[in-house]
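A.B. asks: TSV, C-alpha atoms, saved as data-v3.tsv, coming up:
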```
chain	number	residue	atom	x	y	z
Q	293	MET	CA	-14.09	70.63	-19.25
Q	294	LYS	CA	-17.09	69.90	-17.12
Q	295	THR	CA	-18.79	66.52	-17.16
Q	296	SER	CA	-22.40	66.50	-16.15
Q	297	ARG	CA	-23.69	63.60	-14.06
Q	298	ARG	CA	-25.91	62.62	-16.99
Q	299	ASN	CA	-23.00	62.35	-19.43
Q	300	PHE	CA	-20.91	60.44	-16.93
Q	301	ILE	CA	-23.64	57.82	-16.47
Q	302	LYS	CA	-24.15	57.56	-20.24
Q	303	ALA	CA	-20.44	56.95	-20.84
Q	304	GLY	CA	-20.44	54.35	-18.07
Q	305	GLY	CA	-23.37	52.56	-19.70
Q	306	VAL	CA	-21.67	52.48	-23.09
Q	307	LEU	CA	-18.50	51.12	-21.51
Q	308	LEU	CA	-20.45	48.36	-19.71
Q	309	VAL	CA	-22.25	47.28	-22.89
Q	310	GLY	CA	-18.96	47.23	-24.71
Q	311	LEU	CA	-17.29	45.08	-22.07
Q	312	THR	CA	-20.24	42.69	-22.07
Q	313	ILE	CA	-20.33	42.03	-25.79
Q	314	TRP	CA	-16.54	42.02	-26.33
Q	315	PRO	CA	-16.12	38.23	-25.80
Q	316	ALA	CA	-18.92	37.54	-28.30
Q	317	VAL	CA	-17.36	39.90	-30.84
Q	318	LYS	CA	-14.03	38.14	-30.42
Q	319	THR	CA	-15.62	34.70	-30.85
Q	320	PHE	CA	-17.55	35.54	-33.99
Q	321	ALA	CA	-14.80	37.56	-35.59
Q	322	GLY	CA	-12.13	34.98	-34.72
Q	323	GLY	CA	-13.28	32.32	-37.19
Q	324	ASN	CA	-14.37	28.77	-36.54
Q	325	ASN	CA	-11.94	26.86	-34.35
Q	326	ASP	CA	-13.71	23.52	-34.92
Q	327	LEU	CA	-12.05	23.10	-38.28
Q	328	LYS	CA	-8.55	23.46	-36.91
Q	329	ILE	CA	-6.44	20.89	-38.71
Q	330	ALA	CA	-4.82	18.39	-36.40
Q	331	PRO	CA	-1.08	18.12	-36.88
Q	332	GLY	CA	-0.87	14.33	-36.63
Q	333	ALA	CA	-3.91	13.11	-38.51
Q	334	ASP	CA	-3.27	13.77	-42.20
Q	335	ALA	CA	-6.02	16.04	-43.48
Q	336	ASP	CA	-5.34	15.13	-47.09
Q	337	LYS	CA	-5.86	11.41	-46.50
Q	338	LYS	CA	-9.08	9.45	-46.29
Q	339	TRP	CA	-8.68	5.90	-45.15
Q	340	GLY	CA	-10.76	3.16	-46.69
Q	341	LEU	CA	-11.00	-0.61	-46.72
Q	342	VAL	CA	-11.92	-3.02	-49.49
Q	343	ILE	CA	-13.05	-6.49	-48.43
Q	344	ASP	CA	-12.77	-9.17	-51.10
Q	345	MET	CA	-15.27	-11.73	-49.86
Q	346	LYS	CA	-14.35	-14.18	-52.65
Q	347	LYS	CA	-10.86	-14.46	-51.21
Q	348	CYS	CA	-12.21	-14.63	-47.68
Q	349	TRP	CA	-14.92	-17.29	-47.94
Q	350	PRO	CA	-12.82	-20.39	-48.75
Q	351	ARG	CA	-10.51	-19.72	-45.80
Q	352	TYR	CA	-13.41	-18.71	-43.57
Q	353	GLN	CA	-15.00	-22.07	-44.23
Q	354	GLU	CA	-11.77	-23.74	-43.24
Q	355	GLY	CA	-12.02	-21.95	-39.92
Q	356	CYS	CA	-9.76	-18.96	-40.52
Q	357	ARG	CA	-10.56	-16.24	-37.97
Q	358	GLN	CA	-7.20	-14.49	-37.95
Q	359	CYS	CA	-8.54	-10.97	-38.54
Q	360	PHE	CA	-10.88	-11.31	-35.54
Q	361	ALA	CA	-8.14	-12.75	-33.36
Q	362	ALA	CA	-5.67	-10.01	-34.31
Q	363	CYS	CA	-8.21	-7.29	-33.54
Q	364	GLN	CA	-9.19	-8.89	-30.26
Q	365	LYS	CA	-5.59	-9.17	-29.14
Q	366	ALA	CA	-4.58	-5.67	-30.24
Q	367	HIS	CA	-7.43	-3.89	-28.49
Q	368	ASN	CA	-8.13	-6.00	-25.41
Q	369	ILE	CA	-11.59	-6.96	-26.61
Q	370	PRO	CA	-13.32	-9.11	-24.02
Q	371	ALA	CA	-14.83	-12.47	-25.00
Q	372	ILE	CA	-18.14	-12.22	-23.18
Q	373	PRO	CA	-20.20	-15.39	-23.59
Q	374	ASN	CA	-23.54	-13.66	-23.03
Q	375	LYS	CA	-24.67	-12.60	-26.52
Q	376	GLU	CA	-26.59	-9.66	-25.17
Q	377	GLU	CA	-23.49	-8.13	-23.66
Q	378	GLU	CA	-20.87	-9.04	-26.26
Q	379	ILE	CA	-18.40	-6.49	-27.57
Q	380	LYS	CA	-18.04	-6.40	-31.35
Q	381	TRP	CA	-15.41	-4.56	-33.36
Q	382	ILE	CA	-15.21	-6.87	-36.36
Q	383	TRP	CA	-17.58	-9.78	-36.84
Q	384	THR	CA	-19.74	-11.50	-39.47
Q	385	GLU	CA	-23.32	-11.01	-40.54
Q	386	PRO	CA	-25.33	-13.03	-43.03
Q	387	PHE	CA	-25.91	-11.30	-46.37
Q	388	VAL	CA	-29.53	-10.38	-45.61
Q	389	ASN	CA	-28.51	-8.51	-42.45
Q	390	ALA	CA	-25.45	-6.86	-43.94
Q	391	PHE	CA	-27.20	-5.73	-47.13
Q	392	PRO	CA	-30.93	-5.63	-46.35
Q	393	GLU	CA	-31.64	-3.27	-49.24
Q	394	GLN	CA	-30.45	-5.85	-51.81
Q	395	GLU	CA	-33.90	-7.24	-52.35
Q	396	ASN	CA	-33.10	-9.41	-55.34
Q	397	GLU	CA	-34.48	-12.75	-54.23
Q	398	TYR	CA	-32.84	-14.50	-57.20
Q	399	ILE	CA	-29.36	-13.17	-56.42
Q	400	THR	CA	-26.32	-15.33	-57.35
Q	401	ALA	CA	-26.66	-18.75	-55.80
Q	402	GLY	CA	-24.98	-19.12	-52.46
Q	403	ILE	CA	-24.39	-15.46	-51.67
Q	404	LYS	CA	-27.41	-15.20	-49.43
Q	405	ASP	CA	-26.12	-17.89	-47.11
Q	406	LYS	CA	-22.59	-16.58	-46.89
Q	407	PRO	CA	-21.18	-14.68	-43.92
Q	408	PHE	CA	-19.91	-11.16	-44.55
Q	409	ILE	CA	-17.16	-9.55	-42.54
Q	410	VAL	CA	-18.51	-6.33	-41.07
Q	411	LEU	CA	-17.00	-3.60	-38.94
Q	412	CYS	CA	-17.45	0.11	-38.34
Q	413	ASN	CA	-17.83	1.71	-41.77
Q	414	HIS	CA	-16.05	4.93	-40.79
Q	415	CYS	CA	-18.73	6.87	-42.60
Q	416	GLU	CA	-18.06	10.08	-44.45
Q	417	ASN	CA	-21.24	11.39	-42.84
Q	418	PRO	CA	-21.43	9.54	-39.51
Q	419	PRO	CA	-24.77	9.71	-37.65
Q	420	CYS	CA	-23.07	8.62	-34.40
Q	421	VAL	CA	-20.92	11.77	-34.40
Q	422	ARG	CA	-23.93	13.96	-35.03
Q	423	VAL	CA	-25.86	12.65	-32.03
Q	424	CYS	CA	-23.06	12.38	-29.48
Q	425	PRO	CA	-23.79	15.01	-26.83
Q	426	THR	CA	-20.26	15.11	-25.40
Q	427	LYS	CA	-18.21	14.89	-28.61
Q	428	ALA	CA	-16.77	11.64	-27.33
Q	429	THR	CA	-17.38	10.23	-30.80
Q	430	PHE	CA	-15.74	12.36	-33.44
Q	431	LYS	CA	-14.38	12.14	-36.96
Q	432	ARG	CA	-10.70	12.72	-37.51
Q	433	GLN	CA	-9.37	14.74	-40.41
Q	434	ASP	CA	-8.36	11.52	-42.14
Q	435	GLY	CA	-11.90	10.14	-42.03
Q	436	ILE	CA	-11.51	7.78	-39.08
Q	437	VAL	CA	-14.52	7.86	-36.76
Q	438	MET	CA	-13.23	7.21	-33.29
Q	439	MET	CA	-14.07	7.52	-29.65
Q	440	ASP	CA	-12.54	9.38	-26.77
Q	441	TYR	CA	-13.44	7.07	-23.90
Q	442	HIS	CA	-12.44	9.80	-21.44
Q	443	ARG	CA	-15.50	11.72	-22.55
Q	444	CYS	CA	-18.07	8.96	-23.10
Q	445	ILE	CA	-20.93	9.19	-20.64
Q	446	GLY	CA	-22.58	5.97	-21.80
Q	447	CYS	CA	-25.80	7.58	-23.02
Q	448	ARG	CA	-25.86	5.22	-26.03
Q	449	TYR	CA	-27.34	7.76	-28.45
Q	450	CYS	CA	-24.60	6.71	-30.88
Q	451	MET	CA	-25.73	3.09	-30.68
Q	452	ALA	CA	-29.25	4.16	-31.56
Q	453	ALA	CA	-27.97	6.33	-34.41
Q	454	CYS	CA	-25.57	3.84	-36.00
Q	455	PRO	CA	-27.43	2.06	-38.81
Q	456	TYR	CA	-24.83	-0.73	-38.88
Q	457	GLY	CA	-24.93	-1.86	-35.25
Q	458	ALA	CA	-21.20	-1.28	-35.12
Q	459	ARG	CA	-21.14	-0.10	-31.52
Q	460	SER	CA	-21.13	-2.08	-28.30
Q	461	PHE	CA	-21.90	-1.08	-24.76
Q	462	ASN	CA	-19.93	-2.31	-21.78
Q	463	PHE	CA	-22.60	-3.64	-19.47
Q	464	CYS	CA	-19.97	-5.01	-17.12
Q	465	ASP	CA	-16.30	-4.58	-16.40
Q	466	PRO	CA	-14.61	-6.19	-19.42
Q	467	ARG	CA	-11.34	-7.04	-17.66
Q	468	PRO	CA	-12.29	-10.50	-16.34
Q	469	TYR	CA	-13.13	-11.54	-19.92
Q	470	ILE	CA	-9.79	-10.59	-21.45
Q	471	LYS	CA	-7.64	-13.69	-21.59
Q	472	GLU	CA	-4.33	-12.17	-22.65
Q	473	PRO	CA	-4.33	-8.46	-21.83
Q	474	ASN	CA	-2.20	-6.36	-24.15
Q	475	ALA	CA	-0.42	-3.96	-21.80
Q	476	ASP	CA	0.24	-1.49	-24.62
Q	477	PHE	CA	-3.45	-0.73	-25.15
Q	478	PRO	CA	-6.01	0.34	-22.55
Q	479	THR	CA	-9.12	-1.67	-21.82
Q	480	ARG	CA	-12.52	-0.03	-21.51
Q	481	GLU	CA	-14.57	0.22	-18.34
Q	482	LYS	CA	-18.13	-0.51	-17.42
Q	483	GLY	CA	-20.53	2.08	-18.80
Q	484	VAL	CA	-18.84	3.25	-21.99
Q	485	VAL	CA	-19.64	2.52	-25.62
Q	486	GLU	CA	-16.89	1.19	-27.84
Q	487	LYS	CA	-16.23	0.47	-31.48
Q	488	CYS	CA	-13.63	-0.30	-34.12
Q	489	ASN	CA	-11.08	2.53	-34.35
Q	490	PHE	CA	-9.55	1.40	-37.67
Q	491	CYS	CA	-6.39	0.84	-35.61
Q	492	VAL	CA	-5.52	4.55	-35.39
Q	493	GLU	CA	-2.61	3.59	-33.14
Q	494	ARG	CA	-1.13	1.57	-36.01
Q	495	ILE	CA	-2.13	3.96	-38.82
Q	496	ASP	CA	-0.43	6.85	-37.02
Q	497	ARG	CA	2.76	4.77	-37.06
Q	498	GLY	CA	2.40	4.12	-40.79
Q	499	GLU	CA	1.16	0.54	-40.42
Q	500	THR	CA	-2.02	-1.05	-41.73
Q	501	PRO	CA	-4.85	-2.09	-39.37
Q	502	ALA	CA	-4.27	-5.31	-37.42
Q	503	CYS	CA	-7.03	-7.22	-39.28
Q	504	VAL	CA	-5.53	-6.28	-42.64
Q	505	ALA	CA	-2.02	-7.26	-41.55
Q	506	ALA	CA	-3.28	-10.57	-40.14
Q	507	CYS	CA	-5.34	-11.70	-43.15
Q	508	PRO	CA	-3.48	-14.63	-44.74
Q	509	GLY	CA	-5.54	-14.47	-47.95
Q	510	GLY	CA	-5.08	-10.79	-48.75
Q	511	ALA	CA	-8.85	-10.35	-48.63
Q	512	LEU	CA	-8.62	-7.05	-46.77
Q	513	ILE	CA	-7.06	-4.17	-48.67
Q	514	PHE	CA	-6.47	-0.91	-46.85
Q	515	GLY	CA	-5.45	2.42	-48.30
Q	516	ASP	CA	-5.95	6.09	-48.98
Q	517	LEU	CA	-9.16	6.84	-50.88
Q	518	ASN	CA	-7.88	10.31	-51.74
Q	519	ASP	CA	-4.84	8.94	-53.54
Q	520	PRO	CA	-5.76	7.98	-57.14
Q	521	GLY	CA	-2.71	5.72	-57.28
Q	522	SER	CA	-3.52	3.67	-54.17
Q	523	GLU	CA	-4.47	0.01	-54.40
Q	524	VAL	CA	-7.94	0.60	-52.98
Q	525	ARG	CA	-8.63	3.22	-55.62
Q	526	ARG	CA	-7.33	0.93	-58.36
Q	527	ILE	CA	-9.68	-1.87	-57.22
Q	528	LEU	CA	-12.61	0.52	-56.88
Q	529	ALA	CA	-12.00	1.78	-60.40
Q	530	GLU	CA	-11.63	-1.65	-61.96
Q	531	ARG	CA	-14.21	-3.75	-60.18
Q	532	TYR	CA	-17.80	-3.42	-59.07
Q	533	THR	CA	-18.07	-2.93	-55.32
Q	534	ILE	CA	-21.01	-2.52	-52.99
Q	535	ARG	CA	-21.37	-0.65	-49.73
Q	536	ARG	CA	-23.72	-1.28	-46.84
Q	537	LYS	CA	-27.01	0.66	-46.79
Q	538	PRO	CA	-26.02	3.28	-49.39
Q	539	GLU	CA	-29.58	4.61	-49.36
Q	540	LEU	CA	-28.96	6.19	-45.96
Q	541	GLY	CA	-26.33	8.55	-47.34
Q	542	THR	CA	-23.75	7.89	-44.64
Q	543	HIS	CA	-21.11	7.09	-47.32
Q	544	PRO	CA	-19.24	4.18	-45.73
Q	545	SER	CA	-15.50	3.84	-46.30
Q	546	VAL	CA	-15.73	0.03	-46.35
Q	547	PHE	CA	-16.32	-1.56	-49.77
Q	548	TYR	CA	-17.21	-5.14	-50.64
Q	549	LEU	CA	-16.20	-7.23	-53.61
Q	550	ILE	CA	-18.63	-10.13	-54.00
P	154	MET	CA	-32.41	24.39	36.62
P	155	ALA	CA	-30.52	23.83	39.78
P	156	VAL	CA	-27.08	25.36	40.17
P	157	ASN	CA	-25.68	21.90	40.92
P	158	ASP	CA	-26.47	20.71	37.37
P	159	PHE	CA	-23.79	23.07	36.08
P	160	ARG	CA	-21.11	20.58	37.23
P	161	TYR	CA	-22.55	17.77	35.14
P	162	ILE	CA	-22.99	19.96	32.07
P	163	LEU	CA	-19.40	21.19	32.25
P	164	THR	CA	-18.02	17.68	32.78
P	165	GLY	CA	-20.05	16.42	29.84
P	166	LEU	CA	-18.82	19.26	27.65
P	167	ILE	CA	-15.18	18.60	28.52
P	168	VAL	CA	-15.55	14.87	27.84
P	169	PHE	CA	-17.17	15.69	24.50
P	170	VAL	CA	-14.47	18.15	23.43
P	171	VAL	CA	-11.69	15.74	24.41
P	172	LEU	CA	-13.31	12.88	22.51
P	173	VAL	CA	-13.85	14.96	19.38
P	174	THR	CA	-10.30	16.28	19.37
P	175	LEU	CA	-8.74	12.96	20.37
P	176	PRO	CA	-7.26	12.32	16.90
P	177	PHE	CA	-5.35	15.59	17.20
P	178	TRP	CA	-4.07	14.80	20.74
P	179	ALA	CA	-3.10	11.29	19.81
P	180	ARG	CA	-0.80	12.46	17.02
P	181	ALA	CA	0.35	15.72	18.60
P	182	GLY	CA	3.98	16.49	17.80
P	183	LYS	CA	4.28	13.61	15.33
P	184	ALA	CA	4.51	14.70	11.71
P	185	ALA	CA	3.03	12.42	9.08
P	186	SER	CA	5.85	10.79	7.16
P	187	LEU	CA	6.50	12.38	3.82
P	188	PRO	CA	5.83	10.35	0.70
P	189	THR	CA	8.92	8.71	-0.74
P	190	PRO	CA	8.29	7.88	-4.38
P	191	SER	CA	10.75	5.22	-5.40
P	192	LEU	CA	12.83	5.58	-8.54
P	193	ASP	CA	14.36	2.16	-8.12
P	194	THR	CA	13.29	0.20	-11.18
P	195	PRO	CA	15.55	-1.82	-13.48
P	196	ALA	CA	14.81	0.52	-16.39
P	197	ILE	CA	15.73	3.61	-14.39
P	198	GLN	CA	18.84	1.94	-12.93
P	199	ALA	CA	19.98	1.11	-16.44
P	200	LEU	CA	19.70	4.71	-17.61
P	201	PRO	CA	23.11	6.30	-18.20
P	202	GLN	CA	21.71	9.62	-17.06
P	203	LYS	CA	18.80	9.44	-14.65
P	204	GLU	CA	16.36	11.95	-16.08
P	205	CYS	CA	12.66	12.07	-16.83
P	206	ILE	CA	11.27	13.66	-19.98
P	207	GLU	CA	11.33	17.04	-18.25
P	208	ASP	CA	13.19	18.10	-15.10
P	209	THR	CA	12.08	16.78	-11.73
P	210	GLU	CA	10.68	20.04	-10.41
P	211	TYR	CA	8.51	20.44	-13.48
P	212	MET	CA	7.29	16.84	-13.43
P	213	ARG	CA	6.50	17.01	-9.72
P	214	ALA	CA	4.32	20.08	-10.18
P	215	ASN	CA	2.89	19.52	-13.64
P	216	HIS	CA	2.80	15.81	-14.51
P	217	MET	CA	-0.99	15.82	-14.35
P	218	LYS	CA	-1.26	18.75	-16.75
P	219	LEU	CA	1.28	17.15	-19.06
P	220	LEU	CA	-0.62	13.85	-19.05
P	221	GLU	CA	-3.91	15.53	-19.81
P	222	ASP	CA	-2.29	17.47	-22.63
P	223	TRP	CA	-0.84	14.23	-24.01
P	224	ARG	CA	-4.19	12.50	-23.78
P	225	ASN	CA	-5.92	15.27	-25.72
P	226	GLN	CA	-3.22	15.51	-28.35
P	227	VAL	CA	-3.10	11.77	-28.97
P	228	VAL	CA	-6.80	10.98	-28.85
P	229	ARG	CA	-8.28	14.12	-30.34
P	230	ASP	CA	-5.57	15.26	-32.76
P	231	GLY	CA	-3.67	12.08	-33.57
P	232	ASN	CA	-0.39	13.76	-32.62
P	233	ARG	CA	1.80	11.18	-30.92
P	234	THR	CA	5.25	12.70	-30.61
P	235	TYR	CA	6.37	14.94	-27.78
P	236	VAL	CA	9.40	17.14	-28.13
P	237	ALA	CA	10.84	17.76	-24.67
P	238	SER	CA	12.35	21.10	-23.75
P	239	ASN	CA	15.83	19.61	-24.22
P	240	GLY	CA	14.95	18.60	-27.77
P	241	LYS	CA	14.56	14.88	-27.14
P	242	VAL	CA	11.58	13.21	-28.81
P	243	TYR	CA	9.24	10.86	-26.95
P	244	GLU	CA	6.05	9.00	-27.86
P	245	MET	CA	3.10	10.48	-25.98
P	246	SER	CA	1.94	7.29	-24.31
P	247	LEU	CA	1.31	6.35	-20.71
P	248	GLU	CA	2.05	2.69	-21.45
P	249	LYS	CA	4.90	3.02	-23.93
P	250	THR	CA	6.73	5.92	-22.36
P	251	CYS	CA	5.87	6.56	-18.68
P	252	PHE	CA	5.41	2.94	-17.58
P	253	GLN	CA	8.58	1.77	-19.29
P	254	CYS	CA	10.61	3.44	-16.55
P	255	HIS	CA	8.02	3.84	-13.82
P	256	SER	CA	7.00	0.21	-13.70
P	257	ASN	CA	6.41	0.42	-9.95
P	258	LYS	CA	2.99	1.98	-9.49
P	259	ALA	CA	2.70	1.11	-5.80
P	260	GLU	CA	6.11	2.53	-4.92
P	261	PHE	CA	6.00	5.51	-7.27
P	262	CYS	CA	2.52	6.78	-8.18
P	263	ASP	CA	0.63	5.63	-5.11
P	264	GLN	CA	3.07	7.16	-2.62
P	265	CYS	CA	2.04	10.74	-3.28
P	266	HIS	CA	-1.48	9.98	-4.44
P	267	ASN	CA	-2.25	8.25	-1.15
P	268	TYR	CA	-0.52	10.93	0.89
P	269	LEU	CA	-2.59	13.65	-0.78
P	270	ASP	CA	-5.69	11.47	-1.08
P	271	VAL	CA	-5.85	11.99	-4.84
P	272	GLN	CA	-7.44	9.14	-6.75
P	273	PRO	CA	-6.95	9.49	-10.49
P	274	ASP	CA	-9.18	7.00	-12.32
P	275	CYS	CA	-6.57	6.11	-14.93
P	276	TRP	CA	-6.44	2.47	-13.88
P	277	THR	CA	-10.00	1.53	-14.76
P	278	CYS	CA	-8.87	1.50	-18.41
P	279	HIS	CA	-5.09	1.83	-18.58
P	280	ILE	CA	-3.47	-1.37	-17.45
P	281	GLU	CA	-1.28	-0.61	-14.47
P	282	PRO	CA	2.32	-1.77	-14.69
P	283	LYS	CA	2.84	-5.10	-13.02
P	284	GLY	CA	5.42	-4.31	-10.37
P	285	ILE	CA	9.19	-4.18	-10.71
```
Using structure tokens, write down the structure that the file contains.

C.D. replies:
Amino acid sequence: MKTSRRNFIKAGGVLLVGLTIWPAVKTFAGGNNDLKIAPGADADKKWGLVIDMKKCWPRYQEGCRQCFAACQKAHNIPAIPNKEEEIKWIWTEPFVNAFPEQENEYITAGIKDKPFIVLCNHCENPPCVRVCPTKATFKRQDGIVMMDYHRCIGCRYCMAACPYGARSFNFCDPRPYIKEPNADFPTREKGVVEKCNFCVERIDRGETPACVAACPGGALIFGDLNDPGSEVRRILAERYTIRRKPELGTHPSVFYLI
Amino acid sequence: MAVNDFRYILTGLIVFVVLVTLPFWARAGKAASLPTPSLDTPAIQALPQKECIEDTEYMRANHMKLLEDWRNQVVRDGNRTYVASNGKVYEMSLEKTCFQCHSNKAEFCDQCHNYLDVQPDCWTCHIEPKGI
């Protein structure tokens, strides 16, 4: 068989095009790898927290801060005196700041003045994850929104996106402000954003978050929102709970009993 | 240019070359001492069988790959258990696994890292073990 120069060049061209588009064909035909289910994080679970403020307030007034202390100790959270640089994982906000959409000016006496325990809401639809350019902030299969500090570039888009102010930026090296460093948990470094991680390190071992375990009044109840038999689901079914800024559609996993 | 200037130029060149290569002359024939990572920690001494999670050759060549794999599996996937090639199970944790035996960063990690001038930035976040 004789091959003309023309046919040879044509065949070469077809081969080149084929080789060029082959990786793209493989990618599109291979399915979406983003939804690969992680082996450790249970995909069928969705962690949630119910905070019973009625149980919390009396003890809070007496000076109980055990949930804050437990969190601080477990995660090497620095105590930075400068309010503009402080690191917050779990803290309190007055009612008007925590629930600004509750405009009822005649609301139950006393509630407006009370402090509310707030933390990262671990939203079903987290804006911080959507805006993170490096995927340092991501949502696990079990609903926990957490950070990979190895990837954070400190751009602070997530801080701008979070409607709950649940993220803090390390303006300085936090180490000098950690009184009792916990050698089992890393610290952060200057230039990264940080936030509550729902104690993934404890949840993965089958324990409850440190704040929940430390609460002497049983005001914090942690459990699986996907399990109809769990205590959080029982409370949510029986009692009226509120969430922070529901109008934004982020679907927080933290519920309040007031 | 006078012919006589050639002497000065050559002398200057030789002085320059000698000065620039002085570090090589000064250490000629002397090999840099090899790093000697120390395995002498109480935890390692107490081991009935002195072995790391994988064999020494593998750890020497691949510990950095292994650590990066651990980091990704723990942080991104929430998978915290490592099954070694001999079937033993370990927790994938720098602090809770590696540092428990290798509690001597200066004598163990730094030996090779300094020798090779490799500066991993683990220690800006992970708390380095406090000596033996």

A.B. asks: With a cut-off of 10 Å and counting all atoms listed in the file, select all residues of chain P in contact with chain Q and give the selection as a PyMOL selection string.

C.D. replies: chain P and resi 224-234+246-249+252+275-283

A.B. asks: What does the distance from atom CA of Q:Ala506 to atom CA of Q:Gly457 come to in Å, to one decimal?

C.D. replies: 23.8 Å

A.B. asks: With only C-alpha atoms as the atoms that count, which of P:Leu192, P:Leu163, P:Leu187, P:Leu175 lies nearest to P:Ala259?

C.D. replies: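 Using only C-alpha atoms, the shortest distance to P:Ala259 belongs to P:Leu192.
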
A.B. asks: Which residues come within 9 Å of stretch 400-414 of chain Q, counting all atoms listed in the file, excluding same-chain residues fewer than 5 positions away, as an MDAnalysis selection string?

C.D. replies: chainID Q and resid 339:341 343 345 348:349 352 380:388 390 431 435:438 456:459 487:490 536 543:548 550

A.B. asks: Give me the residues within 8 Å of P:Ile206 as a tab-separated table (two decimals) with C-alpha atoms, in the coordinates of the input, counting all atoms listed in the file and dropping any in the same chain fewer than 6 places off.

C.D. replies:
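What landed in around_8.tsv:
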```tsv
chain	number	residue	atom	x	y	z
P	237	ALA	CA	10.84	17.76	-24.67
P	241	LYS	CA	14.56	14.88	-27.14
P	243	TYR	CA	9.24	10.86	-26.95
```

A.B. asks: Name the residues in contact with P:Cys262 at a cut-off of 12 Å, using all atoms listed in the file, excluding same-chain residues fewer than 2 positions from it; report them as a ChimeraX atom specification.

C.D. replies: /P:188-192,213,216-217,251-252,255-260,264-273,275-276,281-282,284

A.B. asks: Write the residues of the preceding selection, restricted to C-alpha atoms, as a short mmCIF file (atom, residue, chain, number, x, y, z; two decimals), in the frame of the given file.

C.D. replies:
```cif
data_model
loop_
_atom_site.label_atom_id
_atom_site.label_comp_id
_atom_site.auth_asym_id
_atom_site.auth_seq_id
_atom_site.Cartn_x
_atom_site.Cartn_y
_atom_site.Cartn_z
CA PRO P 188 5.83 10.35 0.70
CA THR P 189 8.92 8.71 -0.74
CA PRO P 190 8.29 7.88 -4.38
CA SER P 191 10.75 5.22 -5.40
CA LEU P 192 12.83 5.58 -8.54
CA ARG P 213 6.50 17.01 -9.72
CA HIS P 216 2.80 15.81 -14.51
CA MET P 217 -0.99 15.82 -14.35
CA CYS P 251 5.87 6.56 -18.68
CA PHE P 252 5.41 2.94 -17.58
CA HIS P 255 8.02 3.84 -13.82
CA SER P 256 7.00 0.21 -13.70
CA ASN P 257 6.41 0.42 -9.95
CA LYS P 258 2.99 1.98 -9.49
CA ALA P 259 2.70 1.11 -5.80
CA GLU P 260 6.11 2.53 -4.92
CA GLN P 264 3.07 7.16 -2.62
CA CYS P 265 2.04 10.74 -3.28
CA HIS P 266 -1.48 9.98 -4.44
CA ASN P 267 -2.25 8.25 -1.15
CA TYR P 268 -0.52 10.93 0.89
CA LEU P 269 -2.59 13.65 -0.78
CA ASP P 270 -5.69 11.47 -1.08
CA VAL P 271 -5.85 11.99 -4.84
CA GLN P 272 -7.44 9.14 -6.75
CA PRO P 273 -6.95 9.49 -10.49
CA CYS P 275 -6.57 6.11 -14.93
CA TRP P 276 -6.44 2.47 -13.88
CA GLU P 281 -1.28 -0.61 -14.47
CA PRO P 282 2.32 -1.77 -14.69
CA GLY P 284 5.42 -4.31 -10.37
#
```

A.B. asks: Figure out the distance between atom CA of P:Glu207 and atom CA of P:Asn239, please, to one decimal in Å.

C.D. replies: 7.9 Å

A.B. asks: Could you tell me how far atom CA of P:Met245 sits from atom CA of P:Pro201, in Å to one decimal place?

C.D. replies: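 Pair atom CA of P:Pro201 / atom CA of P:Met245 returns 21.9 Å.
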